[in-house]
file coords04.tsv (TSV, C-alpha atoms)
chain	number	residue	atom	x	y	z
A	1	MET	CA	19.42	4.33	-12.01
A	2	LYS	CA	19.18	2.52	-15.37
A	3	ARG	CA	22.88	1.69	-15.02
A	4	ALA	CA	22.48	0.21	-11.53
A	5	PRO	CA	24.20	-3.22	-11.40
A	6	ALA	CA	22.61	-6.24	-9.70
A	7	SER	CA	24.85	-5.68	-6.67
A	8	ALA	CA	23.18	-2.26	-6.13
A	9	GLY	CA	19.73	-3.88	-5.95
A	10	VAL	CA	20.87	-6.69	-3.66
A	11	SER	CA	22.76	-4.26	-1.39
A	12	ALA	CA	19.70	-2.01	-1.18
A	13	LEU	CA	17.50	-4.95	-0.16
A	14	LEU	CA	20.00	-6.15	2.42
A	15	LEU	CA	20.75	-2.66	3.83
A	16	THR	CA	17.12	-1.77	4.58
A	17	VAL	CA	16.72	-4.04	7.60
A	18	PRO	CA	19.89	-3.12	9.58
A	19	VAL	CA	19.55	0.63	8.81
A	20	TYR	CA	15.92	0.73	9.99
A	21	GLY	CA	16.78	-1.54	12.93
A	22	LEU	CA	19.59	0.78	14.01
A	23	LEU	CA	17.29	3.82	13.78
A	24	GLN	CA	14.61	2.08	15.81
A	25	TRP	CA	17.16	1.00	18.43
A	26	ARG	CA	19.09	4.28	18.81
A	27	PHE	CA	16.54	6.89	17.68
A	28	SER	CA	13.20	5.47	18.77
A	29	GLU	CA	11.88	9.01	19.41
A	30	ILE	CA	11.75	9.64	15.64
A	31	ALA	CA	8.27	8.83	14.22
A	32	PHE	CA	8.33	5.52	12.32
A	33	LEU	CA	7.38	7.14	8.99
A	34	ASN	CA	10.37	9.47	9.30
A	35	ARG	CA	12.63	6.54	10.20
A	36	MET	CA	11.45	4.95	6.96
A	37	ALA	CA	12.25	8.16	5.03
A	38	ILE	CA	15.80	8.22	6.51
A	39	THR	CA	16.26	4.52	5.63
A	40	PHE	CA	15.11	5.31	2.08
A	41	GLY	CA	17.68	8.13	1.85
A	42	VAL	CA	20.53	5.91	3.13
A	43	VAL	CA	19.62	3.12	0.67
A	44	ILE	CA	19.43	5.55	-2.28
A	45	ALA	CA	22.82	7.02	-1.26
A	46	ALA	CA	24.37	3.52	-1.07
A	47	MET	CA	22.94	2.62	-4.50
A	48	THR	CA	24.29	5.87	-5.97
A	49	ILE	CA	27.79	5.09	-4.65
A	50	ILE	CA	27.67	1.57	-6.16
A	51	ILE	CA	26.46	2.97	-9.51
A	52	LEU	CA	29.32	5.52	-9.50
A	53	ILE	CA	31.93	2.83	-8.72
A	54	LYS	CA	30.61	0.02	-10.91
A	55	PRO	CA	28.00	1.16	-13.44
A	56	LEU	CA	26.58	-1.21	-16.04
A	57	ALA	CA	28.30	-0.79	-19.41
A	58	GLU	CA	24.90	-0.35	-21.09
A	59	PRO	CA	21.66	0.98	-19.51
A	60	LYS	CA	19.43	-1.94	-18.50
A	61	VAL	CA	16.74	-2.74	-21.06
A	62	MET	CA	13.75	-4.57	-19.62
A	63	PRO	CA	12.26	-7.38	-21.70
A	64	LYS	CA	8.77	-6.93	-23.22
A	65	LYS	CA	6.43	-9.91	-23.14
A	66	ARG	CA	3.25	-8.13	-24.12
A	67	ASP	CA	2.79	-4.90	-25.90
A	68	PHE	CA	-0.35	-2.87	-26.07
A	69	ASP	CA	-1.12	0.82	-26.17
A	70	MET	CA	-0.91	2.02	-22.57
A	71	ARG	CA	-0.87	5.77	-23.22
A	72	PRO	CA	-3.40	7.41	-20.88
A	73	THR	CA	-6.29	9.20	-22.58
A	74	PRO	CA	-6.74	12.93	-21.85
A	75	LEU	CA	-9.83	12.09	-19.75
A	76	VAL	CA	-7.75	9.85	-17.47
A	77	LEU	CA	-5.19	12.62	-17.01
A	78	TRP	CA	-7.94	15.14	-16.18
A	79	LEU	CA	-9.60	12.74	-13.71
A	80	GLY	CA	-6.20	11.98	-12.14
A	81	GLY	CA	-5.58	15.71	-11.79
A	82	ALA	CA	-9.03	16.14	-10.22
A	83	VAL	CA	-8.28	13.42	-7.63
A	84	ILE	CA	-5.00	15.12	-6.67
A	85	ALA	CA	-6.72	18.53	-6.47
A	86	ALA	CA	-9.49	17.07	-4.26
A	87	VAL	CA	-6.91	15.63	-1.84
A	88	ILE	CA	-5.03	18.96	-1.65
A	89	LEU	CA	-8.34	20.76	-1.03
A	90	PHE	CA	-9.18	18.32	1.81
A	91	TYR	CA	-5.80	18.99	3.44
A	92	ILE	CA	-6.35	22.76	3.20
A	93	VAL	CA	-9.92	22.59	4.60
A	94	PHE	CA	-8.87	20.39	7.54
A	95	TRP	CA	-5.40	21.89	8.03
B	1	MET	CA	-12.96	-4.09	-12.00
B	2	ILE	CA	-9.27	-3.29	-11.39
B	3	GLY	CA	-10.28	-0.26	-9.35
B	4	PHE	CA	-12.67	-2.26	-7.20
B	5	SER	CA	-10.19	-5.05	-6.67
B	6	ASN	CA	-7.59	-2.49	-5.62
B	7	VAL	CA	-10.01	-0.91	-3.16
B	8	ALA	CA	-10.96	-4.31	-1.76
B	9	ALA	CA	-7.33	-5.43	-1.53
B	10	ASN	CA	-6.66	-2.21	0.36
B	11	ILE	CA	-9.67	-2.09	2.68
B	12	SER	CA	-9.81	-4.62	5.47
B	13	THR	CA	-9.96	-4.68	9.23
B	14	GLU	CA	-6.90	-2.41	9.08
B	15	GLN	CA	-9.26	0.45	8.20
B	16	PHE	CA	-12.40	-0.70	10.01
B	17	VAL	CA	-10.64	-1.54	13.29
B	18	SER	CA	-7.08	-0.15	13.46
B	19	MET	CA	-7.40	3.16	11.62
B	20	SER	CA	-10.80	3.91	13.16
B	21	GLY	CA	-9.15	3.33	16.52
B	22	GLN	CA	-6.30	5.72	15.71
B	23	GLY	CA	-8.84	8.23	14.40
B	24	ALA	CA	-10.73	8.12	17.69
B	25	GLY	CA	-7.41	8.15	19.59
B	26	ASN	CA	-4.45	10.54	19.45
B	27	VAL	CA	-4.13	10.79	15.64
B	28	GLY	CA	-7.63	11.91	14.68
B	29	LEU	CA	-8.53	12.77	11.09
B	30	ALA	CA	-4.83	12.78	10.06
B	31	VAL	CA	-4.91	8.96	9.96
B	32	SER	CA	-6.89	9.30	6.72
B	33	GLY	CA	-3.68	10.63	5.15
B	34	TYR	CA	-2.67	7.02	4.49
B	35	GLN	CA	-5.72	6.58	2.27
B	36	LEU	CA	-6.02	10.07	0.80
B	37	LEU	CA	-2.37	10.27	-0.26
B	38	GLY	CA	-2.96	6.72	-1.49
B	39	ALA	CA	-5.38	8.19	-4.03
B	40	VAL	CA	-2.58	10.43	-5.29
B	41	THR	CA	-0.11	7.53	-5.50
B	42	ILE	CA	-2.67	5.41	-7.39
B	43	VAL	CA	-2.80	8.10	-10.08
B	44	PHE	CA	1.00	8.03	-10.40
B	45	VAL	CA	1.18	4.21	-10.29
B	46	ALA	CA	-1.55	3.89	-12.94
B	47	ILE	CA	0.05	6.37	-15.33
B	48	PHE	CA	3.77	5.72	-14.85
B	49	PHE	CA	4.43	2.28	-13.26
B	50	LEU	CA	1.59	0.01	-14.32
B	51	PRO	CA	2.28	0.15	-18.09
B	52	LYS	CA	5.87	-0.97	-17.43
B	53	PHE	CA	4.79	-3.88	-15.24
B	54	LEU	CA	2.09	-5.01	-17.68
B	55	ARG	CA	4.48	-4.95	-20.64
B	56	LEU	CA	6.91	-7.10	-18.63
B	57	GLY	CA	4.15	-9.67	-18.16
B	58	ILE	CA	5.05	-10.25	-14.51
B	59	TYR	CA	2.74	-11.12	-11.62
B	60	THR	CA	4.72	-10.24	-8.49
B	61	MET	CA	7.19	-7.61	-7.27
B	62	PRO	CA	9.98	-10.18	-6.60
B	63	GLU	CA	9.62	-11.19	-10.27
B	64	TYR	CA	10.29	-7.60	-11.30
B	65	LEU	CA	13.45	-7.57	-9.20
B	66	GLU	CA	14.69	-10.70	-10.96
B	67	TYR	CA	14.27	-9.08	-14.39
B	68	ARG	CA	15.86	-5.83	-13.24
B	69	TYR	CA	18.65	-7.25	-11.03
B	70	ASN	CA	19.09	-10.98	-10.44
B	71	ALA	CA	17.64	-14.11	-8.82
B	72	THR	CA	19.21	-13.22	-5.45
B	73	ALA	CA	17.31	-9.92	-5.37
B	74	ARG	CA	14.12	-11.82	-6.18
B	75	SER	CA	14.72	-14.38	-3.39
B	76	ILE	CA	15.46	-11.70	-0.78
B	77	MET	CA	12.30	-9.75	-1.68
B	78	ALA	CA	10.23	-12.95	-1.72
B	79	PHE	CA	11.57	-13.83	1.74
B	80	TYR	CA	10.80	-10.33	3.08
B	81	THR	CA	7.31	-10.44	1.59
B	82	MET	CA	6.57	-13.84	3.13
B	83	ALA	CA	7.97	-12.77	6.51
B	84	ILE	CA	5.97	-9.51	6.49
B	85	TYR	CA	2.75	-11.23	5.39
B	86	ILE	CA	2.98	-14.07	7.89
B	87	GLY	CA	4.35	-12.02	10.77
B	88	VAL	CA	2.52	-8.72	10.35
B	89	THR	CA	-0.24	-8.39	7.75
B	90	ILE	CA	-2.08	-11.71	7.89
B	91	THR	CA	-1.64	-12.01	11.66
B	92	ALA	CA	-3.06	-8.54	12.28
B	93	VAL	CA	-5.90	-8.88	9.76
B	94	LEU	CA	-6.93	-12.36	10.96
B	95	TYR	CA	-6.82	-11.23	14.58
B	96	SER	CA	-8.76	-7.99	14.07
B	97	GLY	CA	-11.27	-9.78	11.80
B	98	GLY	CA	-11.65	-12.53	14.41
B	99	LEU	CA	-12.04	-9.91	17.11
B	100	THR	CA	-14.81	-8.21	15.11
B	101	LEU	CA	-16.79	-11.47	14.68
B	102	HIS	CA	-16.14	-12.30	18.35
B	103	THR	CA	-17.48	-8.89	19.44
B	104	ILE	CA	-20.56	-8.97	17.16
B	105	PHE	CA	-21.60	-12.65	17.40
B	106	ASP	CA	-19.92	-13.57	20.73
B	107	MET	CA	-18.16	-16.52	19.06
B	108	ASP	CA	-14.93	-18.00	20.42
B	109	ILE	CA	-12.09	-15.86	19.00
B	110	VAL	CA	-9.89	-18.84	18.04
B	111	ARG	CA	-12.82	-20.24	16.03
B	112	THR	CA	-13.53	-16.93	14.27
B	113	ILE	CA	-9.86	-16.60	13.26
B	114	TRP	CA	-9.84	-20.16	11.85
B	115	LEU	CA	-13.14	-19.49	10.05
B	116	ILE	CA	-11.86	-16.37	8.25
B	117	GLY	CA	-8.53	-18.03	7.41
B	118	ILE	CA	-10.10	-21.21	6.01
B	119	ILE	CA	-12.66	-19.37	3.86
B	120	ALA	CA	-9.95	-17.12	2.36
B	121	ALA	CA	-7.56	-20.05	1.81
B	122	LEU	CA	-10.30	-22.16	0.16
B	123	TYR	CA	-11.34	-19.67	-2.49
B	124	THR	CA	-7.77	-18.57	-3.18
B	125	THR	CA	-6.45	-22.10	-3.79
B	126	TRP	CA	-9.63	-23.19	-5.57
B	127	GLY	CA	-9.92	-20.30	-7.99
B	128	ASP	CA	-6.44	-18.76	-8.22
B	129	LEU	CA	-5.84	-15.04	-8.86
B	130	LYS	CA	-9.00	-14.86	-10.99
B	131	ALA	CA	-11.19	-15.94	-8.04
B	132	VAL	CA	-9.41	-13.43	-5.80
B	133	THR	CA	-10.14	-10.63	-8.28
B	134	TYR	CA	-13.82	-11.58	-8.59
B	135	ALA	CA	-14.15	-12.10	-4.82
B	136	ASP	CA	-12.58	-8.66	-4.37
B	137	LEU	CA	-15.29	-7.19	-6.59
B	138	PHE	CA	-18.08	-8.48	-4.32
B	139	GLN	CA	-16.22	-7.88	-1.08
B	140	GLY	CA	-15.19	-4.40	-2.25
B	141	SER	CA	-18.84	-3.48	-2.84
B	142	GLY	CA	-19.77	-4.89	0.58
B	143	LEU	CA	-16.95	-3.04	2.31
B	144	LEU	CA	-17.79	0.28	0.67
B	145	LEU	CA	-21.50	-0.10	1.42
B	146	GLY	CA	-20.78	-1.28	4.99
B	147	GLY	CA	-18.42	1.65	5.53
B	148	LEU	CA	-21.05	4.14	4.34
B	149	VAL	CA	-23.76	2.55	6.51
B	150	THR	CA	-21.42	2.59	9.53
B	151	MET	CA	-20.64	6.26	8.91
B	152	VAL	CA	-24.34	7.24	8.66
B	153	LEU	CA	-25.27	5.17	11.75
B	154	GLY	CA	-22.32	6.75	13.59
B	155	PHE	CA	-23.45	10.29	12.79
B	156	VAL	CA	-27.04	9.40	13.80
B	157	ALA	CA	-25.76	7.89	17.08
B	158	VAL	CA	-23.92	11.11	18.02
B	159	ALA	CA	-26.99	13.25	17.16
B	160	GLY	CA	-25.85	14.66	13.83
B	161	LEU	CA	-22.93	16.21	11.98
B	162	SER	CA	-22.79	19.49	13.88
B	163	SER	CA	-22.52	17.84	17.30
B	164	PHE	CA	-19.83	15.52	15.88
B	165	PHE	CA	-17.81	18.48	14.58
B	166	SER	CA	-18.16	20.54	17.77
B	167	ALA	CA	-17.17	17.59	20.00
B	168	ASN	CA	-14.07	16.71	17.94
B	169	THR	CA	-12.54	20.05	16.90
B	170	GLU	CA	-9.07	19.05	18.20
B	171	ARG	CA	-9.12	15.77	16.25
B	172	LEU	CA	-10.15	17.20	12.87
B	173	HIS	CA	-6.68	18.16	11.63
B	174	MET	CA	-4.76	16.64	8.74
B	175	VAL	CA	-1.47	18.38	9.57
B	176	LEU	CA	-0.08	17.49	13.01
B	177	PRO	CA	2.82	19.05	14.98
B	178	ALA	CA	6.38	17.97	14.06
B	179	ASN	CA	6.76	16.18	17.41
B	180	HIS	CA	3.65	14.02	16.98
B	181	PRO	CA	4.58	10.37	17.73
B	182	GLU	CA	2.50	8.81	14.92
B	183	ILE	CA	2.09	11.09	11.88
B	184	PRO	CA	4.03	14.38	12.30
B	185	TRP	CA	3.66	16.79	9.34
B	186	THR	CA	7.26	16.00	8.34
B	187	ALA	CA	6.13	12.45	7.49
B	188	LEU	CA	3.85	13.90	4.80
B	189	LEU	CA	6.95	15.00	2.85
B	190	ILE	CA	8.59	11.59	2.28
B	191	GLY	CA	7.79	8.95	4.93
B	192	LEU	CA	4.10	8.46	4.22
B	193	TRP	CA	4.68	8.11	0.46
B	194	ILE	CA	6.96	5.06	0.86
B	195	PRO	CA	4.41	2.53	2.20
B	196	ASN	CA	1.82	4.18	-0.06
B	197	PHE	CA	3.78	3.61	-3.25
B	198	PHE	CA	4.67	0.09	-2.16
B	199	ARG	CA	1.12	-0.88	-1.25
B	200	ASN	CA	-0.53	0.71	-4.24
B	201	SER	CA	1.97	-0.65	-6.75
B	202	ARG	CA	1.30	-4.07	-5.26
B	203	ASP	CA	-2.46	-3.81	-4.75
B	204	ILE	CA	-3.31	-2.18	-8.06
B	205	PHE	CA	-0.84	-4.32	-9.91
B	206	HIS	CA	-2.10	-7.75	-8.87
B	207	PRO	CA	-5.68	-7.31	-10.10
B	208	ALA	CA	-4.42	-5.43	-13.17
B	209	SER	CA	-2.04	-8.25	-14.06
B	210	SER	CA	-4.87	-10.77	-13.69
B	211	LEU	CA	-7.18	-8.78	-15.98
B	212	PRO	CA	-5.73	-10.28	-19.16
B	213	LEU	CA	-6.42	-13.68	-17.54
B	214	CYS	CA	-10.02	-12.72	-16.78
B	215	LEU	CA	-10.56	-11.40	-20.30
B	216	ASP	CA	-8.54	-14.24	-21.86
B	217	LEU	CA	-6.19	-11.74	-23.46
B	218	SER	CA	-2.99	-13.49	-22.51

call {"tool": "encode", "arguments": {"input": "coords04.tsv", "output": "structure tokens"}}
result
Amino acid sequence: MKRAPASAGVSALLLTVPVYGLLQWRFSEIAFLNRMAITFGVVIAAMTIIILIKPLAEPKVMPKKRDFDMRPTPLVLWLGGAVIAAVILFYIVFW
Amino acid sequence: MIGFSNVAANISTEQFVSMSGQGAGNVGLAVSGYQLLGAVTIVFVAIFFLPKFLRLGIYTMPEYLEYRYNATARSIMAFYTMAIYIGVTITAVLYSGGLTLHTIFDMDIVRTIWLIGIIAALYTTWGDLKAVTYADLFQGSGLLLGGLVTMVLGFVAVAGLSSFFSANTERLHMVLPANHPEIPWTALLIGLWIPNFFRNSRDIFHPASSLPLCLDLS
């Protein structure tokens, strides 16, 4: 994805609306969250095709305006893990 | 501060009116999946995405698209965002907020909608992103406290937890059948994560990007 040209991004943005619209029009029985997942899949597939046909010569490097140490501390990682575990536990309890 | 602002940016009448309605209706407890999986996405956004956005020094998602792709991508995203905010988010939030004030205080609904809109517009234009972040801090505390009070009063009104659980056994499920019209279990695999990642990247990112402003770091 780092070699995705600008046309891939623009195509993805433009494709989203007609793909979702088509799904809503022809397949309205599919739950809207699943229609969104299908749209996501179609857009990713389209971007992949564009990257394969016309990749950037060099992987895109994003500019840096500010730089400070953003590495998470071990405590943050543990707390993050605890949040995810709590959500999983809630799903299991109220399955 | 960032956490509170994110919570406040996330909680609104959507939760207090719309999601509560879905919870009492055909979706039940599963509607909380939007928020609970949101907690998981916040962890991922905070660890993997946020550092990238902060280093870029950007303030909005369309800005990111300009750096990554081009100005056209930025314009399209900006147009979508405006259209979605004006047509969906703000309309729904103003209406449900107005409806709440109308129901509680018996005020004219057009007046309550104007009242909420004008107050929000005043402090946003007066104080910029900094005022929004500070306002979020106070409103976030109020919303959390109000939510807790509502929950306790609700349980008292239905004569306790055990009677609530026994009366709602069919609604207390997080995983719904695949043919459910709103949130089938299949949506938990991909579908539900898409709006969650979008919303949390946006909601956590705005207050986080304004933090250097608040602390005069920039």

call {"tool": "residues_near_point", "arguments": {"input": "coords04.tsv", "point": "(21.0, -1.6, 1.6)", "cutoff": "9 Å", "atoms": "all atoms listed in the file", "output": "PDB file with C-alpha atoms, in the frame of the given file"}}
result
ATOM      1  CA  ALA A   8      23.180  -2.260  -6.130  1.00  0.00           C
ATOM      2  CA  GLY A   9      19.730  -3.880  -5.950  1.00  0.00           C
ATOM      3  CA  VAL A  10      20.870  -6.690  -3.660  1.00  0.00           C
ATOM      4  CA  SER A  11      22.760  -4.260  -1.390  1.00  0.00           C
ATOM      5  CA  ALA A  12      19.700  -2.010  -1.180  1.00  0.00           C
ATOM      6  CA  LEU A  13      17.500  -4.950  -0.160  1.00  0.00           C
ATOM      7  CA  LEU A  14      20.000  -6.150   2.420  1.00  0.00           C
ATOM      8  CA  LEU A  15      20.750  -2.660   3.830  1.00  0.00           C
ATOM      9  CA  THR A  16      17.120  -1.770   4.580  1.00  0.00           C
ATOM     10  CA  VAL A  17      16.720  -4.040   7.600  1.00  0.00           C
ATOM     11  CA  PRO A  18      19.890  -3.120   9.580  1.00  0.00           C
ATOM     12  CA  VAL A  19      19.550   0.630   8.810  1.00  0.00           C
ATOM     13  CA  THR A  39      16.260   4.520   5.630  1.00  0.00           C
ATOM     14  CA  VAL A  42      20.530   5.910   3.130  1.00  0.00           C
ATOM     15  CA  VAL A  43      19.620   3.120   0.670  1.00  0.00           C
ATOM     16  CA  ILE A  44      19.430   5.550  -2.280  1.00  0.00           C
ATOM     17  CA  ALA A  46      24.370   3.520  -1.070  1.00  0.00           C
ATOM     18  CA  MET A  47      22.940   2.620  -4.500  1.00  0.00           C
TER      19      MET A  47
END

call {"tool": "interface_residues", "arguments": {"input": "coords04.tsv", "of": "chain A", "to": "chain B", "cutoff": "8 Å", "atoms": "only C-alpha atoms", "output": "PyMOL selection string"}}
result
chain A and resi 5-7+9-10+13-14+29-37+60+62-68+70-72+80+83-84+87+91+94-95

call {"tool": "write_last_selection", "arguments": {"input": "coords04.tsv", "atoms": "C-alpha atoms", "output": "mmCIF file, in the frame of the given file"}}
result
data_model
loop_
_atom_site.group_PDB
_atom_site.id
_atom_site.type_symbol
_atom_site.label_atom_id
_atom_site.label_comp_id
_atom_site.auth_asym_id
_atom_site.auth_seq_id
_atom_site.Cartn_x
_atom_site.Cartn_y
_atom_site.Cartn_z
ATOM 1 C CA PRO A 5 24.200 -3.220 -11.400
ATOM 2 C CA ALA A 6 22.610 -6.240 -9.700
ATOM 3 C CA SER A 7 24.850 -5.680 -6.670
ATOM 4 C CA GLY A 9 19.730 -3.880 -5.950
ATOM 5 C CA VAL A 10 20.870 -6.690 -3.660
ATOM 6 C CA LEU A 13 17.500 -4.950 -0.160
ATOM 7 C CA LEU A 14 20.000 -6.150 2.420
ATOM 8 C CA GLU A 29 11.880 9.010 19.410
ATOM 9 C CA ILE A 30 11.750 9.640 15.640
ATOM 10 C CA ALA A 31 8.270 8.830 14.220
ATOM 11 C CA PHE A 32 8.330 5.520 12.320
ATOM 12 C CA LEU A 33 7.380 7.140 8.990
ATOM 13 C CA ASN A 34 10.370 9.470 9.300
ATOM 14 C CA ARG A 35 12.630 6.540 10.200
ATOM 15 C CA MET A 36 11.450 4.950 6.960
ATOM 16 C CA ALA A 37 12.250 8.160 5.030
ATOM 17 C CA LYS A 60 19.430 -1.940 -18.500
ATOM 18 C CA MET A 62 13.750 -4.570 -19.620
ATOM 19 C CA PRO A 63 12.260 -7.380 -21.700
ATOM 20 C CA LYS A 64 8.770 -6.930 -23.220
ATOM 21 C CA LYS A 65 6.430 -9.910 -23.140
ATOM 22 C CA ARG A 66 3.250 -8.130 -24.120
ATOM 23 C CA ASP A 67 2.790 -4.900 -25.900
ATOM 24 C CA PHE A 68 -0.350 -2.870 -26.070
ATOM 25 C CA MET A 70 -0.910 2.020 -22.570
ATOM 26 C CA ARG A 71 -0.870 5.770 -23.220
ATOM 27 C CA PRO A 72 -3.400 7.410 -20.880
ATOM 28 C CA GLY A 80 -6.200 11.980 -12.140
ATOM 29 C CA VAL A 83 -8.280 13.420 -7.630
ATOM 30 C CA ILE A 84 -5.000 15.120 -6.670
ATOM 31 C CA VAL A 87 -6.910 15.630 -1.840
ATOM 32 C CA TYR A 91 -5.800 18.990 3.440
ATOM 33 C CA PHE A 94 -8.870 20.390 7.540
ATOM 34 C CA TRP A 95 -5.400 21.890 8.030
#

call {"tool": "closest_residue", "arguments": {"input": "coords04.tsv", "among": "A:Leu77, A:Ile92, A:Ala86, A:Ala4", "to": "Leu56 in chain A", "atoms": "only C-alpha atoms"}}
result
A:Ala4

call {"tool": "atom_distance", "arguments": {"input": "coords04.tsv", "atom1": "CA of Gly154 in chain B", "atom2": "CA of Tyr95 in chain B"}}
result
23.8 Å

call {"tool": "atom_distance", "arguments": {"input": "coords04.tsv", "atom1": "CA of Asn196 in chain B", "atom2": "CA of Tyr34 in chain B"}}
result
7.0 Å

call {"tool": "atom_distance", "arguments": {"input": "coords04.tsv", "atom1": "CA of Val17 in chain B", "atom2": "CA of Trp114 in chain B"}}
result
18.7 Å

call {"tool": "decode", "arguments": {"input": "coords04.tsv", "residues": "range 71-86 of chain B", "atoms": "N, CA and C atoms", "output": "PDB file, in the first residue's frame"}}
result
ATOM      1  N   ALA B  71      -4.319  16.740  -3.812  1.00  0.00           N
ATOM      2  CA  ALA B  71      -5.330  17.714  -3.395  1.00  0.00           C
ATOM      3  C   ALA B  71      -6.744  17.269  -3.785  1.00  0.00           C
ATOM      4  N   THR B  72      -6.850  16.503  -4.897  1.00  0.00           N
ATOM      5  CA  THR B  72      -8.173  16.009  -5.309  1.00  0.00           C
ATOM      6  C   THR B  72      -8.743  15.075  -4.241  1.00  0.00           C
ATOM      7  N   ALA B  73      -7.888  14.156  -3.751  1.00  0.00           N
ATOM      8  CA  ALA B  73      -8.336  13.225  -2.704  1.00  0.00           C
ATOM      9  C   ALA B  73      -8.814  14.005  -1.484  1.00  0.00           C
ATOM     10  N   ARG B  74      -8.051  15.056  -1.130  1.00  0.00           N
ATOM     11  CA  ARG B  74      -8.431  15.879   0.016  1.00  0.00           C
ATOM     12  C   ARG B  74      -9.798  16.530  -0.205  1.00  0.00           C
ATOM     13  N   SER B  75      -9.999  17.105  -1.417  1.00  0.00           N
ATOM     14  CA  SER B  75     -11.260  17.801  -1.700  1.00  0.00           C
ATOM     15  C   SER B  75     -12.447  16.842  -1.650  1.00  0.00           C
ATOM     16  N   ILE B  76     -12.260  15.641  -2.220  1.00  0.00           N
ATOM     17  CA  ILE B  76     -13.372  14.667  -2.237  1.00  0.00           C
ATOM     18  C   ILE B  76     -13.745  14.294  -0.808  1.00  0.00           C
ATOM     19  N   MET B  77     -12.717  14.006   0.023  1.00  0.00           N
ATOM     20  CA  MET B  77     -12.982  13.610   1.413  1.00  0.00           C
ATOM     21  C   MET B  77     -13.627  14.764   2.181  1.00  0.00           C
ATOM     22  N   ALA B  78     -13.135  15.989   1.924  1.00  0.00           N
ATOM     23  CA  ALA B  78     -13.711  17.157   2.609  1.00  0.00           C
ATOM     24  C   ALA B  78     -15.180  17.319   2.228  1.00  0.00           C
ATOM     25  N   PHE B  79     -15.478  17.096   0.934  1.00  0.00           N
ATOM     26  CA  PHE B  79     -16.869  17.201   0.470  1.00  0.00           C
ATOM     27  C   PHE B  79     -17.744  16.129   1.141  1.00  0.00           C
ATOM     28  N   TYR B  80     -17.238  14.873   1.151  1.00  0.00           N
ATOM     29  CA  TYR B  80     -17.992  13.789   1.805  1.00  0.00           C
ATOM     30  C   TYR B  80     -18.258  14.137   3.269  1.00  0.00           C
ATOM     31  N   THR B  81     -17.179  14.599   3.955  1.00  0.00           N
ATOM     32  CA  THR B  81     -17.307  14.879   5.385  1.00  0.00           C
ATOM     33  C   THR B  81     -18.371  15.947   5.627  1.00  0.00           C
ATOM     34  N   MET B  82     -18.320  17.018   4.832  1.00  0.00           N
ATOM     35  CA  MET B  82     -19.308  18.094   4.971  1.00  0.00           C
ATOM     36  C   MET B  82     -20.719  17.555   4.725  1.00  0.00           C
ATOM     37  N   ALA B  83     -20.861  16.787   3.633  1.00  0.00           N
ATOM     38  CA  ALA B  83     -22.178  16.260   3.267  1.00  0.00           C
ATOM     39  C   ALA B  83     -22.724  15.359   4.377  1.00  0.00           C
ATOM     40  N   ILE B  84     -21.836  14.485   4.924  1.00  0.00           N
ATOM     41  CA  ILE B  84     -22.266  13.549   5.969  1.00  0.00           C
ATOM     42  C   ILE B  84     -22.639  14.314   7.242  1.00  0.00           C
ATOM     43  N   TYR B  85     -21.796  15.312   7.599  1.00  0.00           N
ATOM     44  CA  TYR B  85     -22.068  16.074   8.821  1.00  0.00           C
ATOM     45  C   TYR B  85     -23.367  16.854   8.709  1.00  0.00           C
ATOM     46  N   ILE B  86     -23.530  17.553   7.583  1.00  0.00           N
ATOM     47  CA  ILE B  86     -24.726  18.393   7.440  1.00  0.00           C
ATOM     48  C   ILE B  86     -25.974  17.527   7.271  1.00  0.00           C
TER      49      ILE B  86
END
